[in-house]
Amino acid sequence: MKKRSVVIPHEHGGWAMVSVPFLFGMMAGTPGRMHFLLFLAWFFLYLSSYPLLQSIKRTANKGYWVRWSVLYGLTALVCLIPSLLYKPSLCYFGAPLMVLLLVNIWHAKRKSERAMVNDVCAILIFSIGGAAAYLLGGGEWDKTMAAVVLFSFLHFTGSAFFVKTVFRERTNKRWISYAYVYHGLLLVIPWSFGYPLLTLPYIFSAARTFAYAGKSLRPWKAGIVEIVGALQFLLLSAYFIQLSS
């Protein structure tokens, strides 16, 4: 990589995870102008985390990675301050986010970012962004907030299983079985938490996994499937959670 190139994350799934839970939480509450600044803060925090983790696992050009992380982090802070002044209780999300980030840092130091535990912690971080957006939109620390986090987490964990079973773990029958069981449970979990309509957004995820797990899938095709899955999840979940609230 050239030292003067702009640093942006290469994981395309991250763009969906940084935006979909946030938009879900915003739509579950009352969208407002403050959401724009909060999303910018959230977006630049995501951008900041990438060079930070690169600086930890790489031995060369550490200063280069750190500079980009600080630049993005300061931009995020500037965007975040108005939201914190408007809703100081957003500060409560800081502690869990820091703990989860430390887990990601631990895996980065050991170059084990593809571990499922690392993926789960990253997905939780993004899902908490949905809770922050909900709180900023007039929401409370209530069942709806918990549902935004839970259902976002369930969807993107399913995506992690799907991606593994069409790429790195395509020939691993155990992982394919895990994916089948997990997506079968996705069709039951919303009922058990009192949100039967939220089962519907997971039908696509389950169908996708049962159709393609264990098969060779080109990256561009997997990407299209994931984009469609994320969009239908967002639109259906935001609509049905409003009906259920």
# chains A, B, ... in the order shown; residues from 1 in each chain; ligands from 1
>>> residues_around(residues="region 221-234 of chain A", least_positions_apart="5", cutoff="7 Å", atoms="only C-alpha atoms", output="PyMOL selection string")
chain A and resi 20+24+201+204-205
>>> residues_around(residues="region 39-55 of chain A", least_positions_apart="5", cutoff="8 Å", atoms="only C-alpha atoms", output="list in words")
Val7, Ile8, Pro9, Val18, Phe22, Asn61, Lys62, Gly63, Trp65, Val66, Trp68, Ser69, Val70, Leu71, Tyr72, Gly73, Thr75, Ala76, Leu77, Val78, Cys79, Leu80, Asn104, Ile105, Ala108 and Gly129 of chain A
>>> residues_around(residues="region 132-145 of chain A", least_positions_apart="6", cutoff="12 Å", atoms="only C-alpha atoms", output="ChimeraX atom specification")
/A:18-42,80,82-94,97,125-126,151-152,193-195,237-238,240-245
>>> atom_distance(atom1="CA of Pro196 (chain A)", atom2="CA of Val148 (chain A)")
14.4 Å
>>> closest_atom_pairs(of="region 34-129 of chain A", to="region 155-158 of chain A", cutoff="9 Å", atoms="only C-alpha atoms", output="CSV")
residue,atom,partner,partner_atom,distance
A:Asp119,CA,A:Thr157,CA,7.9
A:Val120,CA,A:Thr157,CA,6.7
A:Ile123,CA,A:Phe156,CA,6.6
A:Ser127,CA,A:Phe156,CA,9.0
>>> residues_around(residues="Phe210 (chain A)", least_positions_apart="6", cutoff="9 Å", atoms="only C-alpha atoms", output="mmCIF file with C-alpha atoms, in the first residue's frame")
data_model
loop_
_atom_site.group_PDB
_atom_site.id
_atom_site.type_symbol
_atom_site.label_atom_id
_atom_site.label_comp_id
_atom_site.auth_asym_id
_atom_site.auth_seq_id
_atom_site.Cartn_x
_atom_site.Cartn_y
_atom_site.Cartn_z
ATOM 1 C CA ALA A 179 -25.257 -22.815 9.831
ATOM 2 C CA TYR A 180 -28.336 -24.969 9.226
ATOM 3 C CA HIS A 183 -30.846 -20.439 10.684
#
>>> select_by_dssp(residues="region 43-230 of chain A", states="alpha helix (DSSP H)", output="MDAnalysis selection string")
chainID A and resid 43:57 62:86 94:109 116:136 143:166 173:186 189:192 201:212 219:230
>>> write_last_selection(atoms="C-alpha atoms", output="compact mmCIF listing (two decimals), in the first residue's frame")
# COMPACT_ATOMS: atom_id res chain seq x y z
CA PHE A 43 -19.10 6.10 10.63
CA PHE A 44 -15.80 7.79 11.45
CA LEU A 45 -15.39 5.66 14.56
CA TYR A 46 -15.69 2.65 12.27
CA LEU A 47 -13.11 4.15 9.92
CA SER A 48 -10.83 4.85 12.89
CA SER A 49 -11.00 1.27 14.13
CA TYR A 50 -9.58 -0.16 10.91
CA PRO A 51 -6.15 1.58 10.93
CA LEU A 52 -6.04 1.11 14.71
CA LEU A 53 -6.28 -2.66 14.34
CA GLN A 54 -3.85 -2.58 11.42
CA SER A 55 -1.30 -0.72 13.54
CA ILE A 56 -1.56 -3.44 16.16
CA LYS A 57 -1.05 -6.43 13.89
CA LYS A 62 2.85 1.90 12.38
CA GLY A 63 2.98 5.69 12.44
CA TYR A 64 1.08 5.79 9.16
CA TRP A 65 -1.74 3.64 10.53
CA VAL A 66 -1.86 5.51 13.84
CA ARG A 67 -2.10 8.89 12.10
CA TRP A 68 -5.12 7.78 10.09
CA SER A 69 -6.74 6.28 13.18
CA VAL A 70 -6.27 9.53 15.12
CA LEU A 71 -7.53 11.63 12.19
CA TYR A 72 -10.69 9.59 11.86
CA GLY A 73 -11.11 9.42 15.63
CA LEU A 74 -10.88 13.21 16.07
CA THR A 75 -13.40 13.70 13.25
CA ALA A 76 -15.74 11.26 14.99
CA LEU A 77 -15.34 13.14 18.27
CA VAL A 78 -16.24 16.47 16.67
CA CYS A 79 -19.37 14.93 15.16
CA LEU A 80 -20.25 13.16 18.41
CA ILE A 81 -20.14 16.15 20.75
CA PRO A 82 -23.49 17.68 19.66
CA SER A 83 -25.25 14.34 20.16
CA LEU A 84 -23.72 13.91 23.61
CA LEU A 85 -24.81 17.41 24.61
CA TYR A 86 -28.31 16.68 23.34
CA GLY A 94 -19.01 3.74 25.89
CA ALA A 95 -18.11 1.01 28.39
CA PRO A 96 -19.56 -2.00 26.51
CA LEU A 97 -18.17 -0.71 23.22
CA MET A 98 -14.70 -0.39 24.74
CA VAL A 99 -14.82 -3.92 26.19
CA LEU A 100 -15.85 -5.39 22.85
CA LEU A 101 -13.18 -3.38 21.03
CA LEU A 102 -10.57 -4.76 23.41
CA VAL A 103 -11.57 -8.26 22.31
CA ASN A 104 -11.05 -7.22 18.69
CA ILE A 105 -7.65 -5.77 19.62
CA TRP A 106 -6.71 -9.02 21.38
CA HIS A 107 -7.50 -11.00 18.23
CA ALA A 108 -5.69 -8.48 16.03
CA LYS A 109 -2.52 -8.87 18.10
CA MET A 116 -15.96 -16.53 15.29
CA VAL A 117 -15.65 -14.91 18.73
CA ASN A 118 -14.01 -11.89 17.10
CA ASP A 119 -16.81 -11.72 14.53
CA VAL A 120 -19.46 -11.93 17.24
CA CYS A 121 -17.90 -9.08 19.22
CA ALA A 122 -17.67 -6.90 16.11
CA ILE A 123 -21.33 -7.62 15.29
CA LEU A 124 -22.31 -6.66 18.84
CA ILE A 125 -20.48 -3.36 18.46
CA PHE A 126 -22.42 -2.53 15.32
CA SER A 127 -25.70 -3.68 16.88
CA ILE A 128 -25.19 -1.35 19.84
CA GLY A 129 -25.04 1.47 17.28
CA GLY A 130 -28.69 0.71 16.61
CA ALA A 131 -29.50 1.13 20.30
CA ALA A 132 -27.77 4.53 20.33
CA ALA A 133 -29.76 5.67 17.29
CA TYR A 134 -32.98 4.51 18.94
CA LEU A 135 -32.18 6.36 22.17
CA LEU A 136 -31.34 9.56 20.28
CA LYS A 143 -37.85 -3.77 25.19
CA THR A 144 -37.72 -2.13 21.78
CA MET A 145 -34.09 -1.10 22.27
CA ALA A 146 -33.22 -4.65 23.29
CA ALA A 147 -35.05 -5.94 20.20
CA VAL A 148 -33.08 -3.63 17.88
CA VAL A 149 -29.81 -4.95 19.28
CA LEU A 150 -30.91 -8.59 19.40
CA PHE A 151 -32.40 -8.82 15.92
CA SER A 152 -29.55 -6.90 14.30
CA PHE A 153 -27.10 -9.21 16.04
CA LEU A 154 -28.99 -12.32 14.94
CA HIS A 155 -29.13 -11.20 11.31
CA PHE A 156 -25.45 -10.39 10.94
CA THR A 157 -24.34 -13.45 12.89
CA GLY A 158 -26.32 -15.42 10.32
CA SER A 159 -24.40 -13.56 7.62
CA ALA A 160 -21.13 -14.58 9.25
CA PHE A 161 -22.19 -18.23 9.17
CA PHE A 162 -23.29 -17.90 5.55
CA VAL A 163 -20.04 -16.29 4.39
CA LYS A 164 -17.94 -18.92 6.15
CA THR A 165 -19.90 -21.78 4.59
CA VAL A 166 -19.51 -20.51 1.03
CA LYS A 173 -19.54 -30.33 7.19
CA ARG A 174 -19.55 -29.31 10.85
CA TRP A 175 -19.73 -25.61 9.99
CA ILE A 176 -22.45 -26.27 7.44
CA SER A 177 -24.45 -28.11 10.12
CA TYR A 178 -23.93 -25.18 12.50
CA ALA A 179 -25.26 -22.82 9.83
CA TYR A 180 -28.34 -24.97 9.23
CA VAL A 181 -29.15 -25.24 12.93
CA TYR A 182 -28.58 -21.53 13.52
CA HIS A 183 -30.85 -20.44 10.68
CA GLY A 184 -33.49 -22.91 11.78
CA LEU A 185 -33.42 -21.27 15.22
CA LEU A 186 -33.74 -17.83 13.62
CA ILE A 189 -36.32 -16.98 18.32
CA PRO A 190 -38.51 -13.95 17.44
CA TRP A 191 -41.60 -15.88 18.57
CA SER A 192 -40.00 -16.71 21.92
CA PRO A 201 -37.09 -10.93 7.77
CA TYR A 202 -35.15 -14.13 8.56
CA ILE A 203 -36.90 -16.26 5.94
CA PHE A 204 -34.59 -14.89 3.25
CA SER A 205 -31.52 -15.57 5.41
CA ALA A 206 -32.59 -19.15 6.04
CA ALA A 207 -33.42 -19.79 2.38
CA ARG A 208 -30.08 -18.32 1.31
CA THR A 209 -28.15 -20.55 3.68
CA PHE A 210 -30.00 -23.78 2.87
CA ALA A 211 -29.61 -23.06 -0.85
CA TYR A 212 -25.90 -22.15 -0.94
CA PRO A 219 -17.60 -13.20 -4.28
CA TRP A 220 -19.68 -10.79 -6.38
CA LYS A 221 -22.69 -13.11 -6.22
CA ALA A 222 -22.33 -13.59 -2.47
CA GLY A 223 -22.08 -9.82 -2.15
CA ILE A 224 -25.32 -9.27 -4.05
CA VAL A 225 -27.09 -11.88 -1.92
CA GLU A 226 -25.85 -10.15 1.24
CA ILE A 227 -26.94 -6.70 0.03
CA VAL A 228 -30.42 -7.96 -0.79
CA GLY A 229 -30.57 -9.73 2.57
CA ALA A 230 -29.51 -6.63 4.50
>>> atom_distance(atom1="CA of Leu198 (chain A)", atom2="CA of Ala16 (chain A)")
19.3 Å
>>> atom_distance(atom1="CA of Arg218 (chain A)", atom2="CA of Asn172 (chain A)")
17.9 Å
